[in-house]
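Coordinates from entry.csv are shown below (CSV, C-alpha atoms).
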chain,number,residue,atom,x,y,z
A,284,MET,CA,-9.4,26.3,9.3
A,285,ARG,CA,-9.5,22.6,10.1
A,286,ASN,CA,-7.3,19.7,9.1
A,287,ILE,CA,-9.2,16.5,8.6
A,288,ARG,CA,-7.6,13.1,8.5
A,289,LEU,CA,-9.3,10.2,6.8
A,290,ILE,CA,-8.7,6.4,6.9
A,291,ILE,CA,-9.7,5.0,3.5
A,292,GLY,CA,-10.2,1.5,2.0
A,293,TYR,CA,-10.6,0.6,-1.6
A,294,ASP,CA,-10.7,-2.2,-4.1
A,295,GLY,CA,-8.0,-1.1,-6.6
A,296,THR,CA,-9.1,-3.4,-9.4
A,297,SER,CA,-10.8,-0.7,-11.5
A,298,PHE,CA,-8.6,2.2,-10.7
A,299,HIS,CA,-5.5,3.5,-12.4
A,300,GLY,CA,-3.8,3.9,-9.0
A,301,TRP,CA,-4.3,6.5,-6.3
A,302,GLN,CA,-2.9,9.7,-7.9
A,303,PHE,CA,-5.2,12.0,-9.8
A,304,GLN,CA,-4.8,11.9,-13.6
A,305,PRO,CA,-7.1,13.9,-15.8
A,306,GLY,CA,-9.5,11.8,-17.8
A,307,THR,CA,-8.6,8.6,-15.8
A,308,ARG,CA,-10.4,6.9,-13.0
A,309,THR,CA,-8.3,7.1,-9.9
A,310,VAL,CA,-9.0,6.8,-6.2
A,311,GLU,CA,-7.9,10.4,-5.4
A,312,GLY,CA,-10.0,11.7,-8.3
A,313,GLU,CA,-13.2,10.0,-7.1
A,314,LEU,CA,-12.6,11.0,-3.5
A,315,VAL,CA,-11.8,14.7,-4.3
A,316,ALA,CA,-15.0,14.9,-6.5
A,317,GLY,CA,-17.1,13.4,-3.7
A,318,LEU,CA,-15.7,15.5,-0.9
A,319,SER,CA,-15.9,18.7,-2.9
A,320,ARG,CA,-19.7,18.0,-3.4
A,321,VAL,CA,-20.2,17.4,0.3
A,322,LEU,CA,-18.2,20.4,1.4
A,323,ARG,CA,-19.1,22.7,-1.5
A,324,GLU,CA,-15.5,23.8,-1.8
A,325,PRO,CA,-12.4,22.6,-3.6
A,326,VAL,CA,-10.5,19.8,-1.8
A,327,LYS,CA,-6.8,19.0,-2.0
A,328,LEU,CA,-5.9,15.6,-0.6
A,329,LEU,CA,-2.5,14.6,0.8
A,330,ALA,CA,-2.1,10.8,1.0
A,331,ALA,CA,0.4,8.6,2.7
A,332,SER,CA,0.9,6.2,-0.2
A,333,ARG,CA,0.4,6.6,-4.0
A,334,THR,CA,-0.7,3.1,-4.6
A,335,ASP,CA,-0.3,1.7,-8.1
A,336,SER,CA,-3.0,0.5,-10.5
A,337,GLY,CA,-4.7,-2.6,-9.2
A,338,VAL,CA,-3.3,-2.3,-5.6
A,339,HIS,CA,-5.9,-2.2,-2.8
A,340,ALA,CA,-6.0,-0.5,0.6
A,341,ARG,CA,-7.6,-1.1,4.0
A,342,GLY,CA,-5.7,1.6,5.8
A,343,GLN,CA,-4.8,4.4,3.4
A,344,ALA,CA,-4.3,7.7,5.3
A,345,ALA,CA,-5.1,11.1,3.8
A,346,ASN,CA,-5.8,14.6,5.0
A,347,PHE,CA,-7.1,17.9,3.7
A,348,MET,CA,-7.7,21.4,4.9
A,349,THR,CA,-11.2,22.9,5.0
A,350,GLU,CA,-13.0,26.0,6.2
A,351,SER,CA,-16.3,24.0,6.5
A,352,SER,CA,-17.9,23.6,9.9
A,353,ILE,CA,-19.5,20.3,8.9
A,354,ASP,CA,-19.5,17.8,11.8
A,355,LEU,CA,-17.4,14.7,11.2
A,356,LEU,CA,-20.3,12.2,11.2
A,357,HIS,CA,-22.1,14.1,8.4
A,358,LEU,CA,-18.8,14.4,6.5
A,359,LEU,CA,-18.2,10.7,6.8
A,360,ARG,CA,-21.7,9.8,5.7
A,361,GLY,CA,-21.5,12.3,2.9
A,362,ALA,CA,-18.2,11.0,1.7
A,363,ASN,CA,-19.4,7.5,1.5
A,364,SER,CA,-22.7,8.5,-0.3
A,365,THR,CA,-20.9,10.4,-3.0
A,366,THR,CA,-18.0,8.0,-3.8
A,367,PRO,CA,-18.4,4.8,-5.8
A,368,TYR,CA,-19.0,1.3,-4.3
A,369,ASP,CA,-15.3,0.4,-4.5
A,370,ILE,CA,-14.2,3.1,-2.1
A,371,ALA,CA,-15.0,3.4,1.6
A,372,VAL,CA,-14.0,6.1,4.2
A,373,PHE,CA,-13.8,4.3,7.5
A,374,ASN,CA,-12.9,7.2,9.8
A,375,ALA,CA,-12.7,11.0,9.9
A,376,ALA,CA,-10.9,12.8,12.6
A,377,GLU,CA,-9.7,16.3,13.5
A,378,ALA,CA,-5.9,16.5,13.1
A,379,PRO,CA,-3.4,19.1,14.2
A,380,LEU,CA,-3.1,21.9,11.6
A,381,ASP,CA,0.5,20.9,10.9
A,382,PHE,CA,-0.3,17.2,10.3
A,383,HIS,CA,0.7,15.9,6.9
A,384,SER,CA,-0.2,12.4,5.9
A,385,THR,CA,2.7,12.0,3.5
A,386,ARG,CA,5.5,13.7,5.3
A,387,ASP,CA,4.7,12.5,8.8
A,388,ALA,CA,4.3,8.8,8.0
A,389,ILE,CA,7.0,6.8,9.8
A,390,GLY,CA,6.0,3.4,8.6
A,391,LYS,CA,3.7,1.3,6.4
A,392,HIS,CA,2.3,-2.2,6.5
A,393,TYR,CA,1.6,-4.0,3.3
A,394,ARG,CA,0.2,-7.5,2.9
A,395,TYR,CA,0.6,-9.6,-0.2
A,396,CYS,CA,-1.8,-12.5,-0.7
A,397,MET,CA,-1.2,-15.6,-2.8
A,398,ARG,CA,-3.4,-18.6,-3.6
A,399,LEU,CA,-1.4,-21.8,-3.9
A,400,ALA,CA,-3.7,-24.1,-5.7
A,401,ASP,CA,-4.1,-26.1,-9.0
A,402,MET,CA,-7.4,-24.3,-9.6
A,403,ASP,CA,-8.2,-20.7,-9.1
A,404,GLU,CA,-11.2,-19.6,-7.0
A,405,PRO,CA,-13.1,-16.9,-8.8
A,406,ILE,CA,-14.0,-14.9,-5.7
A,407,ALA,CA,-10.3,-14.5,-4.8
A,408,ARG,CA,-9.1,-13.4,-8.3
A,409,ARG,CA,-9.3,-9.7,-7.4
A,410,THR,CA,-7.2,-9.9,-4.2
A,411,HIS,CA,-4.9,-13.0,-4.6
A,412,TRP,CA,-2.1,-14.0,-6.9
A,413,TRP,CA,-3.1,-17.4,-8.1
A,414,TYR,CA,0.1,-19.4,-8.2
A,415,ARG,CA,-0.2,-23.0,-9.4
A,416,TYR,CA,3.5,-24.0,-9.3
A,417,GLN,CA,5.1,-25.8,-6.4
A,418,LEU,CA,6.7,-23.4,-3.9
A,419,ASP,CA,9.0,-24.3,-1.0
A,420,VAL,CA,7.5,-22.0,1.6
A,421,ASP,CA,10.3,-23.0,4.1
A,422,ALA,CA,12.9,-21.6,1.7
A,423,MET,CA,10.8,-18.4,1.4
A,424,ARG,CA,10.7,-18.1,5.2
A,425,ALA,CA,14.5,-18.6,5.3
A,426,ALA,CA,14.9,-15.8,2.7
A,427,ALA,CA,12.6,-13.3,4.5
A,428,PRO,CA,15.0,-12.1,7.1
A,429,LEU,CA,17.5,-11.3,4.4
A,430,LEU,CA,15.1,-8.6,3.1
A,431,THR,CA,15.0,-6.7,6.4
A,432,GLY,CA,17.2,-4.0,7.8
A,433,THR,CA,18.6,-0.8,6.4
A,434,ARG,CA,20.3,-1.7,3.1
A,435,ASP,CA,20.7,-0.8,-0.5
A,436,PHE,CA,17.9,-2.3,-2.5
A,437,ARG,CA,19.1,-1.1,-5.9
A,438,GLY,CA,18.8,-4.6,-7.3
A,439,LEU,CA,15.0,-4.3,-7.0
A,440,LYS,CA,14.8,-0.9,-8.7
A,441,VAL,CA,12.5,-1.0,-11.8
A,442,LYS,CA,13.2,0.9,-15.0
A,443,SER,CA,10.0,2.8,-14.7
A,444,GLY,CA,10.8,3.9,-11.2
A,445,ARG,CA,11.4,7.5,-10.1
A,446,PRO,CA,14.9,8.3,-11.3
A,447,ASN,CA,16.2,10.2,-8.3
A,448,GLU,CA,14.7,8.2,-5.4
A,449,SER,CA,17.1,6.7,-2.9
A,450,THR,CA,17.6,2.9,-3.1
A,451,VAL,CA,18.6,2.7,0.6
A,452,ARG,CA,15.5,1.7,2.5
A,453,THR,CA,14.7,0.3,6.0
A,454,VAL,CA,12.5,-2.8,6.1
A,455,THR,CA,11.6,-3.7,9.6
A,456,ASP,CA,9.8,-7.0,9.1
A,457,VAL,CA,8.9,-9.6,6.5
A,458,ALA,CA,6.7,-12.4,7.8
A,459,LEU,CA,5.0,-15.3,6.1
A,460,SER,CA,1.8,-17.0,7.3
A,461,GLN,CA,-0.3,-19.8,5.7
A,462,ASP,CA,-3.9,-20.7,6.0
A,463,GLY,CA,-4.7,-23.7,3.8
A,464,ALA,CA,-4.0,-22.6,0.2
A,465,ASP,CA,-3.6,-19.0,1.2
A,466,LEU,CA,-0.1,-17.6,1.7
A,467,MET,CA,0.2,-14.1,3.2
A,468,ILE,CA,3.4,-12.1,3.1
A,469,ASP,CA,3.4,-9.1,5.5
A,470,ILE,CA,6.0,-6.4,4.9
A,471,ARG,CA,6.6,-3.4,7.1
A,472,GLY,CA,9.0,-0.6,6.6
A,473,LYS,CA,9.7,3.1,6.8
A,474,GLY,CA,9.2,3.7,3.1
A,475,PHE,CA,9.6,1.8,-0.1
A,476,MET,CA,10.7,2.5,-3.7
A,477,TYR,CA,8.4,2.3,-6.6
A,478,LYS,CA,7.2,-1.3,-6.9
A,479,GLN,CA,9.7,-2.4,-4.2
A,480,VAL,CA,7.2,-4.4,-2.1
A,481,ARG,CA,6.0,-6.4,-5.2
A,482,SER,CA,9.7,-6.9,-6.2
A,483,MET,CA,10.4,-8.3,-2.7
A,484,VAL,CA,7.5,-10.7,-3.1
A,485,GLY,CA,9.0,-11.7,-6.5
A,486,MET,CA,12.4,-12.4,-4.8
A,487,LEU,CA,10.7,-14.6,-2.2
A,488,VAL,CA,8.8,-16.5,-4.9
A,489,ALA,CA,12.1,-17.0,-6.8
A,490,ALA,CA,13.6,-18.5,-3.6
A,491,GLY,CA,10.6,-20.7,-3.2
A,492,ARG,CA,10.9,-22.0,-6.8
A,493,GLY,CA,14.6,-22.7,-6.4
A,494,ARG,CA,15.5,-20.1,-9.0
A,495,VAL,CA,17.5,-18.0,-6.5
A,496,ARG,CA,19.7,-19.4,-3.8
A,497,VAL,CA,18.9,-18.0,-0.4
A,498,ALA,CA,22.5,-17.3,0.3
A,499,ASP,CA,22.7,-15.1,-2.9
A,500,ILE,CA,19.9,-12.8,-1.9
A,501,PRO,CA,22.0,-10.0,-0.2
A,502,ALA,CA,24.2,-9.7,-3.3
A,503,LEU,CA,21.2,-9.7,-5.6
A,504,LEU,CA,19.5,-6.9,-3.6
A,505,ALA,CA,22.6,-4.7,-3.9
A,506,GLY,CA,23.4,-5.7,-7.5
A,507,ASP,CA,22.8,-4.2,-10.9
A,508,PRO,CA,19.0,-3.9,-11.5
A,509,ALA,CA,19.6,-4.6,-15.2
A,510,GLN,CA,20.8,-8.1,-14.3
A,511,ARG,CA,17.8,-9.0,-12.0
A,512,ARG,CA,16.6,-12.5,-12.3
A,513,THR,CA,13.3,-12.1,-10.4
A,514,GLU,CA,9.9,-10.8,-11.4
A,515,VAL,CA,7.6,-8.1,-10.0
A,516,ALA,CA,4.6,-9.7,-8.4
A,517,PRO,CA,1.3,-8.6,-10.0
A,518,PRO,CA,-0.5,-5.7,-8.3
A,519,HIS,CA,-3.8,-7.3,-7.4
A,520,GLY,CA,-2.4,-9.4,-4.5
A,521,LEU,CA,-1.1,-6.3,-2.7
A,522,THR,CA,-3.0,-4.3,0.0
A,523,LEU,CA,-1.9,-1.3,2.0
A,524,MET,CA,-3.0,-2.4,5.5
A,525,GLU,CA,-1.9,0.5,7.7
A,526,VAL,CA,0.2,3.7,7.9
A,527,PHE,CA,2.0,4.5,11.1
A,528,TYR,CA,2.6,7.9,12.7
A,529,ALA,CA,4.5,9.1,15.7
A,530,PRO,CA,2.1,9.9,18.6
A,531,GLN,CA,2.9,13.6,18.6
A,532,SER,CA,2.2,14.0,14.9
A,533,SER,CA,-0.9,11.9,14.7
A,534,ALA,CA,-2.5,13.1,17.9
A,535,MET,CA,-6.1,13.7,17.1
A,536,HIS,CA,-8.6,15.9,18.8
A,537,GLU,CA,-11.3,14.1,20.8
A,538,GLU,CA,-13.8,14.5,17.9
A,539,THR,CA,-13.8,11.6,15.6
A,540,ALA,CA,-16.3,9.6,13.5
A,541,ASP,CA,-16.2,6.0,12.5
A,542,ASN,CA,-18.1,4.3,9.7
Just give me the structure as structure tokens.
Amino acid sequence: MRNIRLIIGYDGTSFHGWQFQPGTRTVEGELVAGLSRVLREPVKLLAASRTDSGVHARGQAANFMTESSIDLLHLLRGANSTTPYDIAVFNAAEAPLDFHSTRDAIGKHYRYCMRLADMDEPIARRTHWWYRYQLDVDAMRAAAPLLTGTRDFRGLKVKSGRPNESTVRTVTDVALSQDGADLMIDIRGKGFMYKQVRSMVGMLVAAGRGRVRVADIPALLAGDPAQRRTEVAPPHGLTLMEVFYAPQSSAMHEETADN
């Protein structure tokens, strides 16, 4: 038996999220179908993040068990030839048998991209939130540290969220960078609630619009979600950049293949 870890990227525009749903186009569904054809056996994928509809990835991590003796380079090439154009498998590696992409993840890095311009650029529509209203980016930078640390984020919980999930989360870093009209918001943390990252972006945008005072943010984060005054940013601006693992859990055998 072998445990294979994959690093995967995808354009989430045309997918109904990561998680398999019968009769619906999902990233997991397409990958499982392709890998099963290559390996000629059923495949069960375990993923680090169940990204939502429209959300992209550059560094999604997933693993599966197999009895196949296929070498990793042929597996990688086969996976990329049997999956659609909007999915790419970048790397395949042998993992310890007890490695679990979901359970062993100790952190995730998401990036949210905005285009601050009067006119949208068509090529960026799939990956950027076009925002034509004036934003005070300095106010957003001042608000960013207030979204970090271990705290109760119940004020950002959405109605459609998972009912029993904890609202206490640890966010290690929120950083803003700007390149011309493009504003990037990088968010790193140990784990996030359903739509939490996009809700955090919405909070920063509210601060940038002057709709929320920076000093009020801690109280809003811990407040009643029914009274929230901020929006959830649209999904297409969000990309899962990387998933982090402790060295002992992610230690790979020497055999690896890169695309």
If you take all atoms listed in the file and a cut-off of 12 Å, which residues of range 287-349 of chain A touch range 461-481 of chain A, and what are their nearest atom pairs and distances in Å to one decimal, in chain and number order, as JSON lines?
{"residue": "A:Ala331", "atom": "CA", "partner": "A:Gly474", "partner_atom": "CA", "distance": 10.1}
{"residue": "A:Ser332", "atom": "CA", "partner": "A:Gly474", "partner_atom": "CA", "distance": 9.3}
{"residue": "A:Arg333", "atom": "CA", "partner": "A:Tyr477", "partner_atom": "CA", "distance": 9.4}
{"residue": "A:Thr334", "atom": "CA", "partner": "A:Lys478", "partner_atom": "CA", "distance": 9.3}
{"residue": "A:Asp335", "atom": "CA", "partner": "A:Lys478", "partner_atom": "CA", "distance": 8.2}
{"residue": "A:Ser336", "atom": "CA", "partner": "A:Lys478", "partner_atom": "CA", "distance": 11.0}
{"residue": "A:Val338", "atom": "CA", "partner": "A:Arg481", "partner_atom": "CA", "distance": 10.2}
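Shell of range 505-514 of chain A at 6 Å, with all atoms listed in the file counted and residues fewer than 3 places along the chain excluded, is A:Asp435, A:Phe436, A:Arg437, A:Gly438, A:Lys440, A:Gly485, A:Met486, A:Ala502.
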Contacts of Val310 in chain A at 9 Å (only C-alpha atoms; same-chain gap of 2+ positions) as a list in words: Tyr293, Gly295, Phe298, His299, Gly300, Trp301, Gln302, Phe303, Arg308, Gly312, Glu313, Leu314, Val315 and Ile370 of chain A
Using only C-alpha atoms, the best pick from A:Val488, A:Ala330, A:Ala316, A:Ala427 as closest to Arg415 in chain A would be A:Val488
Mind giving me the straight-line distance from CA of Leu289 in chain A to CA of Arg323 in chain A in Å, one decimal? 17.9 Å
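You will find CA of Ala458 in chain A at 25.8 Å from CA of Ser384 in chain A.
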